[in-house]
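Q: mmCIF, C-alpha atoms, file run_26.cif:
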```cif
data_upload
#
loop_
_atom_site.label_atom_id
_atom_site.label_comp_id
_atom_site.auth_asym_id
_atom_site.auth_seq_id
_atom_site.Cartn_x
_atom_site.Cartn_y
_atom_site.Cartn_z
CA MET A 1341 38.21 -9.09 -68.44
CA SER A 1342 36.00 -12.13 -68.46
CA LYS A 1343 32.46 -12.29 -67.23
CA ASP A 1344 33.64 -14.15 -64.12
CA THR A 1345 35.04 -10.92 -62.70
CA ALA A 1346 31.70 -9.99 -61.20
CA LEU A 1347 30.49 -9.64 -57.63
CA ASN A 1348 31.39 -13.20 -56.67
CA LEU A 1349 35.08 -12.98 -57.64
CA HIS A 1350 37.74 -11.38 -55.45
CA ALA A 1351 41.46 -11.65 -56.01
CA SER A 1352 44.58 -10.22 -54.40
CA PRO A 1353 48.32 -10.98 -54.37
CA VAL A 1354 49.94 -12.59 -51.33
CA ALA A 1355 53.47 -13.55 -50.36
CA GLU A 1356 54.79 -15.40 -53.43
CA GLY A 1357 51.31 -16.28 -54.61
CA VAL A 1358 47.72 -15.23 -55.01
CA ARG A 1359 44.37 -15.39 -53.26
CA ILE A 1360 41.36 -15.93 -55.54
CA GLN A 1361 37.80 -16.30 -54.32
CA ILE A 1362 35.05 -17.44 -56.65
CA GLY A 1363 31.67 -17.82 -55.02
CA THR A 1364 32.07 -19.88 -51.85
CA ALA A 1365 35.56 -21.21 -52.61
CA THR A 1366 38.74 -19.31 -51.80
CA ALA A 1367 41.99 -20.68 -53.20
CA PHE A 1368 45.44 -19.75 -51.87
CA ALA A 1369 48.33 -20.74 -54.12
CA VAL A 1370 52.00 -19.98 -53.40
CA ARG A 1371 55.32 -20.99 -54.88
CA LYS A 1372 57.34 -23.01 -52.37
CA GLU A 1373 61.10 -23.15 -51.88
CA ASN A 1374 61.33 -26.39 -53.91
CA LYS A 1375 59.50 -24.60 -56.80
CA ASP A 1376 56.31 -26.64 -56.33
CA VAL A 1377 52.96 -24.87 -55.98
CA ALA A 1378 51.23 -25.22 -52.61
CA LEU A 1379 47.44 -24.95 -52.79
CA ARG A 1380 44.85 -24.52 -50.04
CA ILE A 1381 41.08 -24.31 -50.48
CA ARG A 1382 38.88 -22.61 -47.91
CA ARG A 1383 35.11 -22.61 -47.91
CA GLU A 1384 33.46 -19.35 -46.88
CA TYR A 1385 30.12 -17.62 -47.24
CA HIS A 1386 29.47 -13.88 -47.26
CA PRO A 1387 25.75 -13.38 -47.98
CA ALA A 1388 25.64 -10.01 -46.21
CA ARG A 1389 28.65 -8.67 -48.09
CA ASP A 1390 27.36 -9.95 -51.43
CA ALA A 1391 23.97 -8.35 -50.75
CA MET A 1392 25.51 -4.99 -49.79
CA ALA A 1393 27.76 -5.13 -52.85
CA ARG A 1394 24.63 -4.81 -55.01
CA VAL A 1395 23.35 -1.65 -53.28
CA PRO A 1396 24.44 1.64 -54.91
CA PHE A 1397 26.81 3.75 -52.78
CA LEU A 1398 26.95 1.09 -50.08
CA ARG A 1399 28.94 -1.11 -52.46
CA GLY A 1400 31.71 1.51 -52.52
CA ILE A 1401 32.23 1.10 -48.77
CA VAL A 1402 32.16 -2.68 -49.21
CA ARG A 1403 34.78 -2.43 -51.94
CA LEU A 1404 37.08 -0.34 -49.76
CA VAL A 1405 36.76 -2.44 -46.60
CA SER A 1406 36.69 -5.88 -48.21
CA GLY A 1407 39.60 -5.07 -50.52
CA THR A 1408 41.79 -4.17 -47.56
CA ALA A 1409 40.58 -7.07 -45.40
CA GLU A 1410 41.06 -9.66 -48.17
CA PHE A 1411 44.63 -8.55 -48.79
CA MET A 1412 45.52 -8.86 -45.10
CA ASP A 1413 43.74 -12.23 -44.89
CA GLY A 1414 45.68 -13.48 -47.89
CA VAL A 1415 49.03 -12.37 -46.47
CA PHE A 1416 48.47 -14.19 -43.15
CA GLU A 1417 46.95 -17.32 -44.72
CA SER A 1418 49.66 -17.68 -47.36
CA ALA A 1419 52.39 -17.45 -44.71
CA GLN A 1420 51.18 -20.84 -43.40
CA LEU A 1421 51.93 -22.46 -46.77
CA ASP A 1422 55.66 -21.77 -46.38
CA PRO A 1423 56.23 -19.66 -49.54
CA GLN A 1424 59.65 -19.44 -51.10
CA ARG A 1425 62.11 -16.89 -49.77
CA ILE A 1426 63.12 -14.89 -52.76
CA VAL A 1427 65.64 -12.50 -51.19
CA LYS A 1428 69.15 -13.85 -50.67
CA GLY A 1429 70.37 -10.52 -49.38
CA SER A 1430 73.74 -8.82 -49.47
CA ARG A 1431 76.56 -9.96 -47.23
CA PHE A 1432 75.65 -7.30 -44.69
CA GLU A 1433 71.96 -8.29 -44.76
CA GLN A 1434 72.84 -11.95 -44.33
CA ARG A 1435 75.04 -11.26 -41.32
CA PHE A 1436 72.48 -8.90 -39.83
CA ALA A 1437 69.75 -11.52 -40.31
CA GLU A 1438 71.93 -14.19 -38.66
CA LEU A 1439 72.33 -11.92 -35.66
CA PHE A 1440 68.55 -12.00 -35.08
CA ARG A 1441 68.18 -15.59 -36.35
CA ILE A 1442 65.84 -14.66 -39.18
CA HIS A 1443 65.96 -15.10 -42.95
CA PRO A 1444 67.13 -12.18 -45.14
CA THR A 1445 63.68 -12.16 -46.77
CA SER A 1446 62.06 -11.37 -43.41
CA LEU A 1447 64.65 -8.68 -42.81
CA VAL A 1448 64.00 -7.07 -46.20
CA ALA A 1449 60.23 -7.28 -45.66
CA PHE A 1450 60.61 -5.54 -42.31
CA GLY A 1451 62.85 -2.92 -43.90
CA SER A 1452 60.28 -2.36 -46.64
CA ALA A 1453 57.55 -1.77 -44.04
CA ILE A 1454 59.76 0.78 -42.26
CA ALA A 1455 60.60 2.45 -45.58
CA ILE A 1456 56.90 2.76 -46.45
CA LEU A 1457 56.13 4.38 -43.09
CA LEU A 1458 59.06 6.78 -43.42
CA LEU A 1459 58.10 7.73 -46.98
CA PHE A 1460 54.50 8.38 -45.96
CA ALA A 1461 55.54 10.38 -42.89
CA ALA A 1462 58.05 12.47 -44.83
CA LEU A 1463 56.05 13.13 -48.02
CA VAL A 1464 52.47 13.27 -46.74
CA ILE A 1465 52.76 14.49 -43.14
CA LEU A 1466 56.03 16.19 -42.17
CA GLY A 1467 56.91 17.76 -45.53
CA PRO A 1468 53.58 19.57 -46.07
CA TRP A 1469 53.49 20.52 -42.37
CA ALA A 1470 56.94 22.14 -42.58
CA LEU A 1471 55.93 23.85 -45.80
CA ALA A 1472 52.81 25.35 -44.19
CA ARG A 1473 54.58 26.22 -40.95
CA PHE A 1474 57.85 27.76 -42.13
CA ALA A 1475 58.16 28.24 -45.91
CA LEU A 1476 54.78 29.57 -47.02
CA PRO A 1477 54.26 32.15 -44.22
CA ALA A 1478 57.52 33.78 -45.31
CA LEU A 1479 55.86 34.47 -48.67
CA GLU A 1480 53.07 36.39 -46.88
CA MET A 1481 50.38 34.10 -48.26
CA SER A 1482 46.88 34.08 -46.84
CA ARG A 1483 45.76 31.30 -44.52
CA GLN A 1484 43.52 29.88 -47.25
CA GLY A 1485 46.40 29.92 -49.72
CA ILE A 1486 48.70 28.18 -47.24
CA ASN A 1487 46.11 25.47 -46.57
CA ALA A 1488 45.55 24.95 -50.30
CA ALA A 1489 49.28 24.69 -51.00
CA ALA A 1490 49.82 22.28 -48.11
CA CYS A 1491 46.90 20.15 -49.30
CA ALA A 1492 48.34 20.05 -52.83
CA ALA A 1493 51.71 19.05 -51.36
CA ARG A 1494 50.06 16.17 -49.46
CA VAL A 1495 48.34 14.89 -52.61
CA LEU A 1496 51.59 15.16 -54.57
CA GLY A 1497 53.42 13.37 -51.77
CA GLY A 1498 50.82 10.59 -51.85
CA LEU A 1499 51.32 10.16 -55.59
CA VAL A 1500 55.09 10.03 -55.14
CA CYS A 1501 54.61 7.35 -52.47
CA ALA A 1502 52.41 5.36 -54.84
CA ALA A 1503 55.18 5.55 -57.45
CA LEU A 1504 58.09 4.71 -55.14
CA VAL A 1505 56.62 1.99 -52.91
CA PRO A 1506 56.18 -0.58 -55.74
CA ARG A 1507 59.93 -0.28 -56.40
CA LEU A 1508 60.75 -1.89 -53.06
CA ARG A 1509 61.87 -5.49 -53.56
CA VAL A 1510 59.14 -7.25 -51.60
CA VAL A 1511 56.36 -4.93 -52.78
CA ASN A 1512 57.54 -5.30 -56.37
CA ARG A 1513 56.90 -9.04 -56.12
CA LEU A 1514 53.34 -8.37 -54.97
CA CYS A 1515 52.86 -6.04 -57.94
CA MET A 1516 54.09 -8.78 -60.28
CA TYR A 1517 51.62 -11.26 -58.82
CA ARG A 1518 48.89 -8.65 -59.36
CA GLY A 1519 49.90 -8.68 -63.00
CA ALA A 1520 49.62 -12.50 -62.98
CA ILE A 1521 46.09 -12.25 -61.54
CA ASN A 1522 45.11 -9.78 -64.24
CA LYS A 1523 46.45 -12.07 -66.95
CA VAL A 1524 44.31 -14.94 -65.67
CA LEU A 1525 41.19 -12.81 -65.29
CA ASN A 1526 41.69 -11.37 -68.78
CA THR A 1527 41.79 -14.90 -70.25
CA PRO A 1528 38.42 -16.31 -71.41
CA PRO A 1529 37.87 -19.72 -69.77
CA ASP A 1530 37.27 -22.80 -71.90
CA GLY A 1531 34.08 -24.85 -72.01
CA ASP A 1532 34.80 -26.40 -68.60
CA GLY A 1533 35.33 -23.00 -67.03
CA GLN A 1534 39.10 -23.55 -66.71
CA VAL A 1535 41.91 -21.24 -67.80
CA SER A 1536 44.92 -22.67 -69.60
CA ARG A 1537 48.40 -21.49 -68.72
CA GLU A 1538 49.37 -21.04 -72.36
CA ARG A 1539 46.48 -18.66 -73.08
CA ALA A 1540 46.98 -16.78 -69.81
CA GLN A 1541 50.60 -16.09 -70.71
CA GLN A 1542 49.41 -14.18 -73.79
CA ALA A 1543 46.82 -12.07 -71.97
CA LEU A 1544 47.20 -8.45 -70.89
CA HIS A 1545 48.69 -7.91 -67.41
CA LEU A 1546 46.69 -4.72 -66.80
CA SER A 1547 43.04 -4.43 -65.79
CA ARG A 1548 40.40 -1.74 -66.08
CA LYS A 1549 38.97 -2.79 -62.71
CA SER A 1550 41.55 -2.19 -59.99
CA ASP A 1551 40.62 -2.21 -56.30
CA ALA A 1552 44.13 -1.02 -55.43
CA ALA A 1553 43.80 2.05 -57.67
CA PHE A 1554 40.34 2.70 -56.21
CA ILE A 1555 41.68 2.60 -52.64
CA VAL A 1556 44.57 4.95 -53.49
CA ALA A 1557 42.14 7.37 -55.17
CA VAL A 1558 39.89 7.31 -52.09
CA LEU A 1559 42.85 8.10 -49.83
CA LEU A 1560 44.06 10.96 -52.03
CA LEU A 1561 40.61 12.55 -52.15
CA SER A 1562 40.30 12.04 -48.39
CA VAL A 1563 43.48 14.07 -47.87
CA ILE A 1564 41.81 16.98 -49.66
CA ALA A 1565 38.63 16.59 -47.61
CA PHE A 1566 40.61 16.50 -44.35
CA ALA A 1567 41.94 19.97 -45.13
CA LEU A 1568 38.41 21.32 -45.54
CA VAL A 1569 36.97 19.89 -42.31
CA ARG A 1570 38.42 21.02 -38.99
CA THR A 1571 37.62 19.70 -35.50
CA PHE A 1572 39.08 20.58 -32.10
CA THR A 1573 39.36 17.27 -30.22
CA LEU A 1574 41.29 14.20 -31.31
CA PRO A 1575 38.49 11.60 -30.81
CA VAL A 1576 36.02 13.68 -32.81
CA GLN A 1577 38.66 14.31 -35.47
CA LEU A 1578 39.37 10.60 -35.87
CA LEU A 1579 35.65 9.80 -36.08
CA VAL A 1580 35.01 12.55 -38.63
CA ARG A 1581 37.94 11.48 -40.78
CA ALA A 1582 36.83 7.84 -40.75
CA LEU A 1583 33.37 8.96 -41.87
CA ILE A 1584 34.91 11.11 -44.60
CA VAL A 1585 36.84 8.14 -45.99
CA LEU A 1586 33.70 5.98 -46.06
CA ILE A 1587 31.60 8.74 -47.67
CA ILE A 1588 34.20 9.36 -50.37
CA ALA A 1589 34.42 5.61 -51.07
CA ALA A 1590 30.63 5.44 -51.41
CA LEU A 1591 30.43 8.46 -53.75
CA LEU A 1592 33.52 7.70 -55.83
CA ASN A 1593 32.69 4.08 -56.55
CA GLU A 1594 29.60 4.84 -58.64
CA PRO A 1595 31.31 6.89 -61.40
CA VAL A 1596 34.37 4.64 -61.18
CA ARG A 1597 32.23 1.54 -61.87
CA LEU A 1598 30.71 3.22 -64.90
CA LEU A 1599 34.12 4.23 -66.23
CA GLU A 1600 35.60 0.77 -65.62
CA ASN A 1601 32.80 -0.80 -67.65
CA ALA A 1602 32.86 1.84 -70.40
CA ALA A 1603 36.63 2.36 -70.77
CA GLY A 1604 37.82 1.00 -74.08
CA LYS A 1605 34.33 1.28 -75.57
CA SER A 1606 34.35 5.06 -76.01
CA ALA A 1607 37.14 7.59 -76.26
CA PHE A 1608 35.44 9.91 -73.75
CA ALA A 1609 35.15 7.22 -71.07
CA THR A 1610 38.73 6.11 -71.72
CA ALA A 1611 39.95 9.68 -71.22
CA LEU A 1612 38.06 10.04 -67.94
CA HIS A 1613 39.37 6.69 -66.78
CA ALA A 1614 42.97 7.65 -67.58
CA PRO A 1615 43.92 8.79 -64.02
CA LEU A 1616 42.80 5.46 -62.55
CA ALA A 1617 44.56 3.61 -65.36
CA ALA A 1618 47.75 5.52 -64.51
CA LEU A 1619 47.45 4.47 -60.85
CA GLU A 1620 46.93 0.89 -61.99
CA ARG A 1621 50.14 0.98 -64.03
CA LEU A 1622 52.07 2.25 -61.01
CA MET A 1623 51.02 -0.75 -58.92
CA VAL A 1624 51.24 -3.57 -61.49
CA ARG A 1625 54.34 -5.19 -62.93
CA ARG A 1626 54.68 -7.68 -65.76
CA PRO A 1627 54.86 -11.14 -64.13
CA HIS A 1628 57.17 -14.07 -64.76
CA GLU A 1629 55.72 -17.19 -66.38
CA GLN A 1630 55.99 -19.07 -63.07
CA MET A 1631 53.82 -16.42 -61.40
CA VAL A 1632 51.13 -16.81 -64.03
CA GLU A 1633 51.22 -20.56 -63.42
CA VAL A 1634 50.51 -19.99 -59.71
CA ALA A 1635 47.57 -17.71 -60.54
CA VAL A 1636 46.17 -20.28 -62.99
CA TYR A 1637 46.34 -22.99 -60.30
CA ALA A 1638 44.43 -20.78 -57.85
CA TYR A 1639 41.77 -19.71 -60.35
CA ASN A 1640 41.06 -23.23 -61.62
CA ALA A 1641 40.97 -24.65 -58.10
CA ALA A 1642 38.56 -21.97 -56.88
CA ARG A 1643 36.35 -22.41 -59.94
CA GLU A 1644 36.27 -26.19 -59.54
CA ASN A 1645 35.46 -26.08 -55.81
CA ASP A 1646 32.79 -23.37 -56.00
CA ARG A 1647 29.34 -24.57 -55.00
#
```
Any chance you could put this one into structure tokens?
A:
Amino acid sequence: MSKDTALNLHASPVAEGVRIQIGTATAFAVRKENKDVALRIRREYHPARDAMARVPFLRGIVRLVSGTAEFMDGVFESAQLDPQRIVKGSRFEQRFAELFRIHPTSLVAFGSAIAILLLFAALVILGPWALARFALPALEMSRQGINAAACAARVLGGLVCAALVPRLRVVNRLCMYRGAINKVLNTPPDGDGQVSRERAQQALHLSRKSDAAFIVAVLLLSVIAFALVRTFTLPVQLLVRALIVLIIAALLNEPVRLLENAAGKSAFATALHAPLAALERLMVRRPHEQMVEVAVYAYNAARENDR
């Protein structure tokens, strides 16, 4: 990854495009229905965030919160650029979409959101709960053993979700645009600070630094911590769990940053970084050439408009 991928660069996939922020310029680029690339530049300043991102431990919380917020911001902002609708849908989906006067792409996106919620509920919540409530007590296991087994089932369910969700049609497109972003960021810019499409096409679509993998790792470790901390009232439980997530993000980010910088330079660091690299591979797909072109437009526009 190039030197530009420092504190002042933030990138995330959006609907049929990418969001890339370099310094004070944020570029949104999406592929439109007529195959042209729509581009929007937004000026923004985050001195407080950039300052906190330099403070050890606090920067882990910033990485967690800003990574989630930037993805949501990109999704809503890109929708205003009228991105192409990539799902034609089956005959049933087309008729069902006509019934509600929506496009099949919107129907599939809604179905994907429902599928994600159902997968999470089944594999992370209901499945481990049923295991701890009905199956494990029949084996005459101790309460500690039941809790440990249920916790392991939740972590395994979370990993299965991370593997299955990117296979959904709409989510798979986001994963491909993440690969396009990585290709651009892995391409050294020329003397003018621009990235050429030809060189970006040849770059690696994976990245050692992955905010998505970091967020998933934080959530998986939080599931384990939730099993160790018990409270009796719902408001206190929600507050405690929110604090646990932030604390884990703060603590986990420091070794993760070291491994991201050292991976590939030593075999030991590469081995320790392997779990995060595996999560990264689950959530990244090899992009089409047209996707890389969109990412190149966004990167060059953000770099040119940065002040």
Q: When the PyMOL selection byres ((chain A and resi 1379-1391) around 7) is applied to the structure above, which residues does it catch, written out as a PyMOL selection string?
A: chain A and resi 1347+1364-1370+1377-1378+1392-1394
Q: Let me know the residues the PyMOL selection byres ((chain A and resi 1514-1525) around 6) catches in the file above, as a list in words.
A: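 Output of the PyMOL selection byres ((chain A and resi 1514-1525) around 6): Met1341, Pro1353, Val1511, Asn1512, Arg1513, Asn1526, Thr1527, Ala1540, Ala1543, Leu1544, His1545, Leu1546, Ser1547, Met1623, Val1624, Arg1625, Arg1626, Pro1627, Met1631, Val1632 and Ala1635 of chain A.
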Q: Given the selection you just returned, output its residues as a file containing C-alpha atoms, formatted as a PDB file, in the coordinates of the input.
A:
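Output contents, as saved in selection03.pdb:
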```pdb
ATOM      1  CA  MET A1341      38.210  -9.090 -68.440  1.00  0.00           C
ATOM      2  CA  PRO A1353      48.320 -10.980 -54.370  1.00  0.00           C
ATOM      3  CA  VAL A1511      56.360  -4.930 -52.780  1.00  0.00           C
ATOM      4  CA  ASN A1512      57.540  -5.300 -56.370  1.00  0.00           C
ATOM      5  CA  ARG A1513      56.900  -9.040 -56.120  1.00  0.00           C
ATOM      6  CA  ASN A1526      41.690 -11.370 -68.780  1.00  0.00           C
ATOM      7  CA  THR A1527      41.790 -14.900 -70.250  1.00  0.00           C
ATOM      8  CA  ALA A1540      46.980 -16.780 -69.810  1.00  0.00           C
ATOM      9  CA  ALA A1543      46.820 -12.070 -71.970  1.00  0.00           C
ATOM     10  CA  LEU A1544      47.200  -8.450 -70.890  1.00  0.00           C
ATOM     11  CA  HIS A1545      48.690  -7.910 -67.410  1.00  0.00           C
ATOM     12  CA  LEU A1546      46.690  -4.720 -66.800  1.00  0.00           C
ATOM     13  CA  SER A1547      43.040  -4.430 -65.790  1.00  0.00           C
ATOM     14  CA  MET A1623      51.020  -0.750 -58.920  1.00  0.00           C
ATOM     15  CA  VAL A1624      51.240  -3.570 -61.490  1.00  0.00           C
ATOM     16  CA  ARG A1625      54.340  -5.190 -62.930  1.00  0.00           C
ATOM     17  CA  ARG A1626      54.680  -7.680 -65.760  1.00  0.00           C
ATOM     18  CA  PRO A1627      54.860 -11.140 -64.130  1.00  0.00           C
ATOM     19  CA  MET A1631      53.820 -16.420 -61.400  1.00  0.00           C
ATOM     20  CA  VAL A1632      51.130 -16.810 -64.030  1.00  0.00           C
ATOM     21  CA  ALA A1635      47.570 -17.710 -60.540  1.00  0.00           C
TER      22      ALA A1635
END
```
Q: Could you state the separation of CA of Asn1593 (chain A) and CA of Gly1400 (chain A) in Å, given to one decimal place?
A: 4.9 Å
Q: Which is closer to Val1585 (chain A) than all the others in A:Ser1352, A:Ser1562, A:Ser1482, A:Asn1374, using all atoms listed in the file?
A: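 Once distances to Val1585 (chain A) are computed over all atoms listed in the file, the minimum belongs to A:Ser1562.
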Q: Excluding same-chain residues fewer than 4 positions from Gly1533 (chain A), what lies within 8 Å of it counting only C-alpha atoms, as a PyMOL selection string?
A: chain A and resi 1529+1640+1643
Q: Please indicate the distance in Å from CA of Gln1541 (chain A) to CA of Val1448 (chain A), rounded to one decimal place.
A: 29.4 Å
Q: Taking all atoms listed in the file into account, name the residue in A:Leu1622, A:Ala1590, A:Ala1603, A:Val1634 that is nearest to Val1558 (chain A).
A: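 Among the listed residues, the smallest separation from Val1558 (chain A) belongs to A:Ala1590.
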Q: Ranking A:Glu1480, A:Ala1557, A:Ile1587, A:Asn1348 by minimum distance to His1613 (chain A) and counting only C-alpha atoms, which one comes first?
A: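 The answer is A:Ala1557, which sits nearest to His1613 (chain A).
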Q: Given only C-alpha atoms, how would the per-residue table for region 1535-1619 of chain A near region 1492-1496 of chain A read, listing every residue at most 10 Å away with its closest atom pair and distance in Å to one decimal, sorted by chain and number, as CSV?
A:
```
residue,atom,partner,partner_atom,distance
A:Leu1559,CA,A:Val1495,CA,9.2
A:Leu1560,CA,A:Val1495,CA,5.8
A:Leu1561,CA,A:Val1495,CA,8.1
A:Ser1562,CA,A:Val1495,CA,9.5
A:Val1563,CA,A:Val1495,CA,6.8
A:Ile1564,CA,A:Val1495,CA,7.5
A:Ala1567,CA,A:Arg1494,CA,10.0
```
Q: In Å, how far is it from CA of Ala1503 (chain A) to CA of Phe1554 (chain A)?
A: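 Atom-to-atom, CA of Ala1503 (chain A) to CA of Phe1554 (chain A), that is 15.2 Å.
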Q: Using all atoms listed in the file, find the one residue out of A:Val1510, A:Glu1644, A:Ala1351, A:Leu1579 that sits nearest to Thr1408 (chain A).
A: A:Ala1351
Q: Hey, which of A:Lys1375, A:Val1354, A:Ala1641, A:Val1580 ends up closest to Val1535 (chain A)? Count only C-alpha atoms.
A: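 Going through A:Lys1375, A:Val1354, A:Ala1641, A:Val1580 one by one, the smallest distance to Val1535 (chain A) is for A:Ala1641.
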Q: Find the residues around Ala1617 (chain A) up to 8 Å (all atoms listed in the file counted), leave out those fewer than 4 positions away in its own chain, and share them as a PyMOL selection string.
A: chain A and resi 1548+1553+1613+1621
Q: So which one's closest to Leu1398 (chain A), A:Glu1417, A:Glu1594, A:Glu1538, A:Glu1633? Using only C-alpha atoms, please.
A: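 Of A:Glu1417, A:Glu1594, A:Glu1538, A:Glu1633, the one nearest Leu1398 (chain A) is A:Glu1594, counting only C-alpha atoms.
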Q: Counting all atoms listed in the file, select every polymer residue within 12 Å of (53.5, 29.9, -40.8) as defined in the file's coordinates, and provide the selection as a PyMOL selection string.
A: chain A and resi 1468-1487+1490
Q: Would you fill out region 1543-1559 of chain A with N, CA and C atoms and return it as a CSV table (one decimal), in the frame of the given file?
A:
```
chain,number,residue,atom,x,y,z
A,1543,ALA,N,47.8,-13.1,-72.3
A,1543,ALA,CA,46.8,-12.1,-72.0
A,1543,ALA,C,47.5,-10.8,-71.4
A,1544,LEU,N,46.7,-9.7,-71.4
A,1544,LEU,CA,47.2,-8.4,-70.9
A,1544,LEU,C,47.4,-8.5,-69.4
A,1545,HIS,N,48.4,-7.9,-68.9
A,1545,HIS,CA,48.7,-7.9,-67.4
A,1545,HIS,C,48.1,-6.7,-66.7
A,1546,LEU,N,47.4,-5.9,-67.4
A,1546,LEU,CA,46.7,-4.7,-66.8
A,1546,LEU,C,45.2,-5.0,-66.8
A,1547,SER,N,44.5,-4.2,-65.9
A,1547,SER,CA,43.0,-4.4,-65.8
A,1547,SER,C,42.4,-3.1,-65.7
A,1548,ARG,N,41.2,-3.0,-66.2
A,1548,ARG,CA,40.4,-1.7,-66.1
A,1548,ARG,C,39.8,-1.6,-64.7
A,1549,LYS,N,39.5,-2.8,-64.1
A,1549,LYS,CA,39.0,-2.8,-62.7
A,1549,LYS,C,40.1,-3.1,-61.7
A,1550,SER,N,40.4,-2.1,-60.9
A,1550,SER,CA,41.6,-2.2,-60.0
A,1550,SER,C,41.1,-1.7,-58.6
A,1551,ASP,N,41.0,-2.6,-57.7
A,1551,ASP,CA,40.6,-2.2,-56.3
A,1551,ASP,C,41.7,-1.4,-55.7
A,1552,ALA,N,43.0,-1.7,-56.0
A,1552,ALA,CA,44.1,-1.0,-55.4
A,1552,ALA,C,44.1,0.4,-55.9
A,1553,ALA,N,43.9,0.7,-57.2
A,1553,ALA,CA,43.8,2.0,-57.7
A,1553,ALA,C,42.6,2.8,-57.1
A,1554,PHE,N,41.5,2.1,-56.8
A,1554,PHE,CA,40.3,2.7,-56.2
A,1554,PHE,C,40.7,3.1,-54.8
A,1555,ILE,N,41.3,2.3,-54.0
A,1555,ILE,CA,41.7,2.6,-52.6
A,1555,ILE,C,42.6,3.8,-52.6
A,1556,VAL,N,43.6,3.8,-53.5
A,1556,VAL,CA,44.6,5.0,-53.5
A,1556,VAL,C,43.8,6.2,-53.8
A,1557,ALA,N,42.9,6.2,-54.8
A,1557,ALA,CA,42.1,7.4,-55.2
A,1557,ALA,C,41.3,7.9,-54.0
A,1558,VAL,N,40.7,6.9,-53.3
A,1558,VAL,CA,39.9,7.3,-52.1
A,1558,VAL,C,40.8,8.0,-51.1
A,1559,LEU,N,42.0,7.5,-50.8
A,1559,LEU,CA,42.8,8.1,-49.8
A,1559,LEU,C,43.3,9.5,-50.3
```
